[in-house]
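Asks: Quick one: structure below, then a few questions.
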Amino acid sequence: MGRTNPQHDAEQPGFAIPDAGHRPGVRWWWPGGAVSGPQIEREIRTLREAGFSRAEIALLPLGLPEAMPSDAIRTWGTPAFSDRLREALIAARRHGMRIDLTVTPGWPLASPATAGDSIHLAQRKLVGGSHTIAGGTTIDTLPEPEGGPADGDHLVAVTAARLATAEPDDAGTILLDEETATDLTHRVSGGALRWTAPGDGTWLVFSFWSRPTGQRSLAEAGVQDALVIDHFSAEAAAAAIEHIDRYVLPADLDPLLAEVGGDIFEDSLELAADGELWTADLLNEFARRRGYDLTPYLPAIRVEGLFRFDWEMLLAGINPESPPAHDFPDRRGRRIRHDYYRTLNELYADNHIAPLTRWANGRGLRYRAQPYGNIMDHVELAGSVQVPESEDLVNWIASGGMTGEGAAAYETALDFHRGIAAAAHMTGAPVVSLECCAVLDADYQTDLAALKRHVDTAFSAGVNQLVLHGVPYQDVPGAHWPGWAPFSGDGTPAVSDAWGPRQPMWRHIRAYTDYLARMSTVLRHGRPQVDVAVYRQAYWCLAWPKITDPGLADAGFTYEFLSPSLLEHPAAVVHDGRLAPERAGYRALIVADEPAMELRVLDRIREIARQGLPVVFVGAPPHRAQGFRDADGQDREVEQSAARLLALPNVRLVTEQKQITQALDELGVRPDAELRGASGVVTVHRQGTGGDFYHLFNMGTGAVRFTADLRGTGTVRILDPWRGTSHSMPAVQTAGRRSVVLDLGPGETTVVHLGSGTGLGAWAVSTPATVVPRTVRWERELTDWNLEVLDWQPHGVECRRRSLPLPADWRTLDGLADASGVGIYRSTVVLPTGWSRGTDAVLLELGLVAGSVRVEVNDQPVPVDCATGRAPDVRPYLHDGANSVLIEVATTLGNRLVGLARSGDATYRRFADRSSRPAGLLGPVRLYGATVAIEPAEPCVNRGPGRAASGQSP
């Protein structure tokens, strides 16, 4: 594969050699403060050599050996921790790394600033009690909160309402008469209530109390007691910041932070309470923001269990639409709950995200956060975060992982990521981060192929930065083999994975991080170009997916989700038929199955439509408002606004999602990447000074050959993210488009560049490293293998040698049933004179591989997809006669740990219920001499409005 661009500067950062800013980062878990300067230096050097450019220090002392002294662990907020952090910053400067820091040990944010007289700054909940009385009778006792009074209780309100029905409804909800809802707080004196219920009927008298939740961070690593702070209080945020400035990040660290500091990171908003989340000034803020007093309607905000946000609650399917404890007829209480959730979201953005961002920037850092929790609209909130971050685990839950979809949800779920990405795109944030790749019950059983699948899925949804979950500190005395890991121990969550040199696959990690960095280089270039925006507003971070019909994606349309504030963003203007042309450049807006919308949002969509943007409504058009204030009047105006909107010539109404593509076609909207015969292929389009770049990922389980008609001009090249190369691709040219025929194997990704040059500094080559054969000229199966297995065990590495006629799963080989580690396979293939005649390529097909891969032919390294071993072209490495082939496969440690558990070793009993998995090279391994003539594409004709899309394959 000769380079054809000798002028390329090998030292210039770009696609071939990505710069540090595009390289992935890691969660670097510390065992509290029990770390040393020399070991910090060694681990930072190891991470940099592995291709990572940033390490996020997180004190997470879970699952540590019992003998470890507490004072060595609990150092957060002491000079000892600041000293270790200083050593990490100095080592990072020496090795070209950046250091990120979590805003608190564990999560959610907890601080000693909530202690003692400052308990009012801790996160609070609303608890209550009630009495039932008959009309005309007098109550002279104040209802106590459920479970009795507690320290820190503060009376918020006392209310009353008459029962609207004698019995609860079918869902168990008690219905109250809205007209009788009354605030009795002013009648409380000296801790006592005296009130006579009017008229007939049965009344409920409610008391509501604010109380600290008592929630602590998942992992406590400080010397002082720390409760989770009130995330809706500016005073609480200021107190937590002051404590960090004073005790954690002293000012003398600022020069180092300016040089090598990266992000202050805040993990997901897992606030947990057995009551409604509350803050001291909520009633005043609610009245100011919503225009009415919440007090008399407080009984309607309770949805039992909603704010626990634990596995039991998630498995039960409890969400904001679940039946409330109390409501008003016609479900009018849902409007009050909507207003309550909206107010909490606004307070979180204004009083928590905003001050933390200002503070972080003032210290020379960025603020990165995962802005999602139970009643949070994370699409809306992500627009307030400087570096918004998504994560695989929540994406899995949101996509049905806990309700029967299982692992498949990891591999097909995009919408949660799209919601985070859309906010970044609309606000102009260049980075969309991902916590990758946590999987439940998969610690030490996650391989690089699984990681690649997670990453490619997220890349296809707009993510362009990776933070690997995670790398534990390596030197923890007393930790059992293979080492301390906070998410792989008795009494700790079992979540993948504990990366680092303890993993056999780490020897191949540099090729993988190079792949990530090259993809990130492409996916941060220029601006995103997204075909369609989908309106989405939901105070529930798990309310996905929004688009369930695959037709939109199969046609090549890219789409993401816009919340109300994103539609109102100053960048959301229409020019030349595109919404936000300086940001994502949407060509149409879809409003799918939204019976309730705020009038201001509908009016904004009508304004956008009148500016020329096509709009498609799916299902019944909006006919009611979401809020409670002047509900009847707002409902009428919403219905009228929707009717005016639907009357516009560039607006369509369809009944089902499968009709969206036809409606878009009638409106003249084509995807930037129009695909034919490509079910399961998803695209991302970036456009900048370097041209147009299309990232295409085959999410399916089978190979696919399809035509892609791509918007853009110039020559067409294919970029290889595993090698940093690009090669030319024949294409059919039409006005403003190029049509190419592409082949993608299952789980395979490619990048197509339209423009001039090699593509972001890629090394130009004349032939690709991987090809799809059109005609197989000859075939050889490789046999007679010598296998050397380096079997990793608690006492060390044992070398085991086997002679095999054919490769096989290690579990079937004598003495290797539980083996984990590295297998080195050697074989020889003899090629006759003339073997290359009539062939364009010789493919080395590895068959099934259970582990990461490295390949040599005739002692020369062969560039290869280390995660899957997809067949490389080895023709340049072969010669007449005998040719040596070496295939190195590194496995997970899973089978060894499962074997230890089944042998009765109590140290590993948590793996006893796990199944072992295939290991090693399974084959068959074959050489194919082939021709790879590329067929020309048929251009996708612009059909014009009103004509149905062609479903024909090329």
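Ordering of the structure tokens sets the chain letters (A, B, ...); residue numbers start at 1 within each chain; ligands are numbered from 1 in the order shown.
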Hey, what's within 9 Å of A:Ile608 if we count only C-alpha atoms and toss same-chain stuff fewer than 4 positions away? As a VMD selection string, please?
Replies: chain A and resid 572 to 574 579 603 to 604 612 to 615
Asks: Could you write those residues out with N, CA and C atoms, as an mmCIF file, in the first residue's frame?
Replies:
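Below is the file part01.cif, written as the result:
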data_model
loop_
_atom_site.group_PDB
_atom_site.id
_atom_site.type_symbol
_atom_site.label_atom_id
_atom_site.label_comp_id
_atom_site.auth_asym_id
_atom_site.auth_seq_id
_atom_site.Cartn_x
_atom_site.Cartn_y
_atom_site.Cartn_z
ATOM 1 N N ALA A 572 -31.997 29.758 16.381
ATOM 2 C CA ALA A 572 -33.082 29.019 15.712
ATOM 3 C C ALA A 572 -33.833 29.918 14.743
ATOM 4 N N VAL A 573 -33.119 30.378 13.718
ATOM 5 C CA VAL A 573 -33.728 31.163 12.649
ATOM 6 C C VAL A 573 -33.725 30.331 11.377
ATOM 7 N N VAL A 574 -34.603 30.665 10.460
ATOM 8 C CA VAL A 574 -34.702 29.938 9.192
ATOM 9 C C VAL A 574 -34.108 30.792 8.084
ATOM 10 N N LEU A 579 -33.363 25.474 9.304
ATOM 11 C CA LEU A 579 -33.456 25.989 10.666
ATOM 12 C C LEU A 579 -32.083 25.926 11.323
ATOM 13 N N ASP A 603 -46.818 28.721 18.806
ATOM 14 C CA ASP A 603 -46.659 29.988 18.094
ATOM 15 C C ASP A 603 -45.258 30.112 17.509
ATOM 16 N N ARG A 604 -44.261 29.602 18.243
ATOM 17 C CA ARG A 604 -42.890 29.631 17.731
ATOM 18 C C ARG A 604 -42.748 28.719 16.516
ATOM 19 N N GLY A 612 -40.512 29.455 6.254
ATOM 20 C CA GLY A 612 -40.224 28.553 5.151
ATOM 21 C C GLY A 612 -39.781 27.161 5.516
ATOM 22 N N LEU A 613 -39.757 26.805 6.809
ATOM 23 C CA LEU A 613 -39.319 25.461 7.178
ATOM 24 C C LEU A 613 -40.480 24.480 7.067
ATOM 25 N N PRO A 614 -40.325 23.358 6.359
ATOM 26 C CA PRO A 614 -41.374 22.332 6.321
ATOM 27 C C PRO A 614 -41.585 21.726 7.705
ATOM 28 N N VAL A 615 -42.856 21.464 8.037
ATOM 29 C CA VAL A 615 -43.222 20.890 9.330
ATOM 30 C C VAL A 615 -44.178 19.738 9.095
#
Asks: Do a neighbour search on A:Ala850 at 7 Å with only C-alpha atoms, toss out local chain neighbours closer than 6 positions, and write the hits as a PyMOL selection string.
Replies: chain A and resi 891+918-921
Asks: Could you save those same residues with C-alpha atoms as a PDB file, in the first residue's frame?
Replies:
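Final file, part-v5.pdb:
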ATOM      1  CA  THR A 891      -9.132 -12.220  25.845  1.00  0.00           C
ATOM      2  CA  PRO A 918     -15.790 -18.159  23.842  1.00  0.00           C
ATOM      3  CA  ALA A 919     -12.079 -17.405  23.980  1.00  0.00           C
ATOM      4  CA  GLY A 920      -9.280 -17.210  21.454  1.00  0.00           C
ATOM      5  CA  LEU A 921      -9.191 -17.668  17.700  1.00  0.00           C
TER       6      LEU A 921
END
Asks: Residues of stretch 124-265 of chain A in strand (DSSP E or B) according to DSSP, as a ChimeraX atom specification?
Replies: /A:124-134,138-139,154-163,174-176,182-183,188-189,192-193,195-196,202-212,222,227-229,261-265
Asks: Can you tell me, as an mmCIF file with N, CA and C atoms, in the first residue's frame, what residues are no more than 8 Å from A:Trp835 when counting only C-alpha atoms, ignoring any on the same chain fewer than 3 positions away?
Replies:
data_model
loop_
_atom_site.group_PDB
_atom_site.id
_atom_site.type_symbol
_atom_site.label_atom_id
_atom_site.label_comp_id
_atom_site.auth_asym_id
_atom_site.auth_seq_id
_atom_site.Cartn_x
_atom_site.Cartn_y
_atom_site.Cartn_z
ATOM 1 N N LEU A 831 2.597 -20.491 -1.056
ATOM 2 C CA LEU A 831 1.943 -19.964 -2.249
ATOM 3 C C LEU A 831 2.792 -20.279 -3.468
ATOM 4 N N PRO A 832 2.178 -20.799 -4.505
ATOM 5 C CA PRO A 832 2.940 -21.149 -5.714
ATOM 6 C C PRO A 832 3.307 -19.906 -6.525
ATOM 7 N N ASP A 880 6.216 -15.543 -3.022
ATOM 8 C CA ASP A 880 6.202 -16.930 -3.455
ATOM 9 C C ASP A 880 6.800 -17.830 -2.373
ATOM 10 N N GLY A 929 -7.550 -15.075 -2.609
ATOM 11 C CA GLY A 929 -7.092 -14.238 -3.698
ATOM 12 C C GLY A 929 -8.303 -13.807 -4.496
#
Asks: Please identify all polymer residues within 12 Å of stretch 330-336 of chain A, counting only C-alpha atoms, omitting same-chain residues fewer than 2 positions from it, and present them as an MDAnalysis selection string.
Replies: chainID A and resid 164 169 171 173:179 181 286 290:303 320:328 338:343 539 596:598 624:632 634:635
Asks: Would you pick out the contacts of A:Leu64 at 9 Å or less, using only C-alpha atoms, so that residues sharing its chain but fewer than 4 positions from it are not included, and give the list as a list of chain:residue names?
Replies: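 Skipping anything fewer than 4 positions along the chain leaves A:Pro31, A:Met68, A:Val476, A:Gly478, A:Ala479, A:Trp484, A:Ala485, A:Pro486, A:Gly489.
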Asks: Just how far from atom CA of A:Met699 is atom CA of A:Gly680, in Å to one decimal?
Replies: 5.3 Å
Asks: Give me the residues within 6 Å of A:Thr931 as a list in words, counting only C-alpha atoms and dropping any in the same chain fewer than 3 places off.
Replies: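 Answer for this query is Pro773, Arg774, Thr775, Thr839 and Asp840 of chain A.
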Asks: Residues as selected, N, CA, C and O atoms, written as a PDB file, in the first residue's frame, can you do that?
Replies:
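As a result, out-v9.pdb now contains:
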ATOM      1  N   PRO A 773     -14.419  -8.786  -1.679  1.00  0.00           N
ATOM      2  CA  PRO A 773     -14.123  -9.430  -2.965  1.00  0.00           C
ATOM      3  C   PRO A 773     -15.351  -9.526  -3.854  1.00  0.00           C
ATOM      4  O   PRO A 773     -16.458  -9.747  -3.376  1.00  0.00           O
ATOM      5  N   ARG A 774     -15.137  -9.331  -5.132  1.00  0.00           N
ATOM      6  CA  ARG A 774     -16.209  -9.530  -6.109  1.00  0.00           C
ATOM      7  C   ARG A 774     -16.112 -10.939  -6.722  1.00  0.00           C
ATOM      8  O   ARG A 774     -17.110 -11.597  -6.932  1.00  0.00           O
ATOM      9  N   THR A 775     -14.857 -11.364  -7.001  1.00  0.00           N
ATOM     10  CA  THR A 775     -14.635 -12.708  -7.540  1.00  0.00           C
ATOM     11  C   THR A 775     -13.461 -13.340  -6.806  1.00  0.00           C
ATOM     12  O   THR A 775     -12.384 -12.743  -6.739  1.00  0.00           O
ATOM     13  N   THR A 839      -5.274 -11.192  -9.390  1.00  0.00           N
ATOM     14  CA  THR A 839      -5.874 -10.805  -8.109  1.00  0.00           C
ATOM     15  C   THR A 839      -5.569  -9.338  -7.819  1.00  0.00           C
ATOM     16  O   THR A 839      -4.476  -8.844  -8.114  1.00  0.00           O
ATOM     17  N   ASP A 840      -6.540  -8.662  -7.257  1.00  0.00           N
ATOM     18  CA  ASP A 840      -6.338  -7.288  -6.783  1.00  0.00           C
ATOM     19  C   ASP A 840      -5.978  -7.265  -5.302  1.00  0.00           C
ATOM     20  O   ASP A 840      -5.409  -6.291  -4.818  1.00  0.00           O
TER      21      ASP A 840
END
Asks: Please measure the separation of atom CA of A:Ala92 and atom CA of A:Asp475, giving the value in Å to one decimal.
Replies: 18.5 Å
Asks: Return the single residue from A:Glu560, A:Trp209, A:Gly923, A:Gly147 that is closest to A:Gly847, with distances computed using only C-alpha atoms.
Replies: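 The answer is A:Gly923, which sits nearest to A:Gly847.
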Asks: Compile the contact shell of stretch 653-667 of chain A as a PyMOL selection string: residues with an atom at most 12 Å away, counting only C-alpha atoms, same-chain residues fewer than 3 positions apart removed.
Replies: chain A and resi 531-532+534+546-558+577+587-593+612-622+642-643+645-650+670-671+674+942-951
Asks: Which of stretch 499-696 of chain A end up as alpha helix (DSSP H) when DSSP is run on this backbone - answer as number ranges by chain?
Replies: A: 509-523, 551-554, 564-567, 599-610, 631-646, 660-666
Asks: Given only C-alpha atoms as the basis, pick out the residue of A:Arg909, A:Arg914, A:His469, A:His480 nearest to A:Trp499.
Replies: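 Using only C-alpha atoms, A:Trp499 sits closest to A:His469.
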Asks: Can you measure atom CA of A:Gly383 to atom CA of A:Thr114 for me? One decimal in Å is fine.
Replies: 28.4 Å
Asks: So that each row is one residue of stretch 352-422 of chain A with an atom at most 7 Å from stretch 242-262 of chain A, can you give its shortest atom pair and the distance in Å to one decimal, using only C-alpha atoms, rows by chain and rising number, as CSV?
Replies:
residue,atom,partner,partner_atom,distance
A:Arg363,CA,A:Asp254,CA,6.6
A:Gly364,CA,A:Ala258,CA,5.3
A:Leu365,CA,A:Gly262,CA,5.5
A:Arg366,CA,A:Gly262,CA,6.4
Asks: Write a file of the just-selected residues containing all heavy atoms, as an mmCIF file, in the first residue's frame.
Replies:
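Contents of the output file out-v3.cif:
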data_model
loop_
_atom_site.group_PDB
_atom_site.id
_atom_site.type_symbol
_atom_site.label_atom_id
_atom_site.label_comp_id
_atom_site.auth_asym_id
_atom_site.auth_seq_id
_atom_site.Cartn_x
_atom_site.Cartn_y
_atom_site.Cartn_z
ATOM 1 N N ARG A 363 -11.802 29.214 37.300
ATOM 2 C CA ARG A 363 -10.622 28.469 37.729
ATOM 3 C C ARG A 363 -9.865 27.891 36.540
ATOM 4 O O ARG A 363 -8.955 27.072 36.721
ATOM 5 C CB ARG A 363 -11.017 27.331 38.682
ATOM 6 C CG ARG A 363 -11.712 27.751 39.967
ATOM 7 C CD ARG A 363 -10.859 28.668 40.846
ATOM 8 N NE ARG A 363 -9.567 28.089 41.206
ATOM 9 C CZ ARG A 363 -9.346 27.359 42.301
ATOM 10 N NH1 ARG A 363 -10.333 27.119 43.140
ATOM 11 N NH2 ARG A 363 -8.136 26.910 42.567
ATOM 12 N N GLY A 364 -10.229 28.293 35.329
ATOM 13 C CA GLY A 364 -9.534 27.812 34.138
ATOM 14 C C GLY A 364 -9.979 26.451 33.662
ATOM 15 O O GLY A 364 -9.263 25.791 32.895
ATOM 16 N N LEU A 365 -11.168 26.007 34.081
ATOM 17 C CA LEU A 365 -11.680 24.681 33.742
ATOM 18 C C LEU A 365 -13.001 24.808 33.002
ATOM 19 O O LEU A 365 -13.652 25.848 33.029
ATOM 20 C CB LEU A 365 -11.885 23.853 35.023
ATOM 21 C CG LEU A 365 -10.666 23.724 35.946
ATOM 22 C CD1 LEU A 365 -11.079 23.160 37.292
ATOM 23 C CD2 LEU A 365 -9.603 22.847 35.302
ATOM 24 N N ARG A 366 -13.398 23.744 32.333
ATOM 25 C CA ARG A 366 -14.734 23.660 31.749
ATOM 26 C C ARG A 366 -15.644 22.908 32.715
ATOM 27 O O ARG A 366 -15.184 22.117 33.536
ATOM 28 C CB ARG A 366 -14.710 22.930 30.407
ATOM 29 C CG ARG A 366 -13.819 23.543 29.348
ATOM 30 C CD ARG A 366 -13.892 22.775 28.037
ATOM 31 N NE ARG A 366 -13.601 21.354 28.206
ATOM 32 C CZ ARG A 366 -13.639 20.453 27.231
ATOM 33 N NH1 ARG A 366 -13.962 20.817 26.010
ATOM 34 N NH2 ARG A 366 -13.355 19.182 27.469
#
Asks: Nearest to A:Glu798: which of A:Val849, A:Ala819, A:Ala240, A:Ala166 is it, counting only C-alpha atoms?
Replies: A:Ala819
Asks: With distances taken over only C-alpha atoms, which of A:Pro861, A:Gly128, A:Gly191, A:Pro876 is nearest to A:Asp140?
Replies: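 Looking only at the distances to A:Asp140, the closest residue turns out to be A:Gly191.
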Asks: With only C-alpha atoms as the basis for distance, which of A:Ile90, A:Ile420, A:Pro768, A:Arg800 is at the shortest distance from A:Asp814?
Replies: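 For A:Asp814, the nearest of the candidates is A:Arg800.
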Asks: Restricting the calculation to only C-alpha atoms, which member of A:Asn395, A:Thr758, A:Gln640, A:Asn464 is positioned closest to A:His425?
Replies: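 Of the candidates, the smallest distance to A:His425 is held by A:Asn464.
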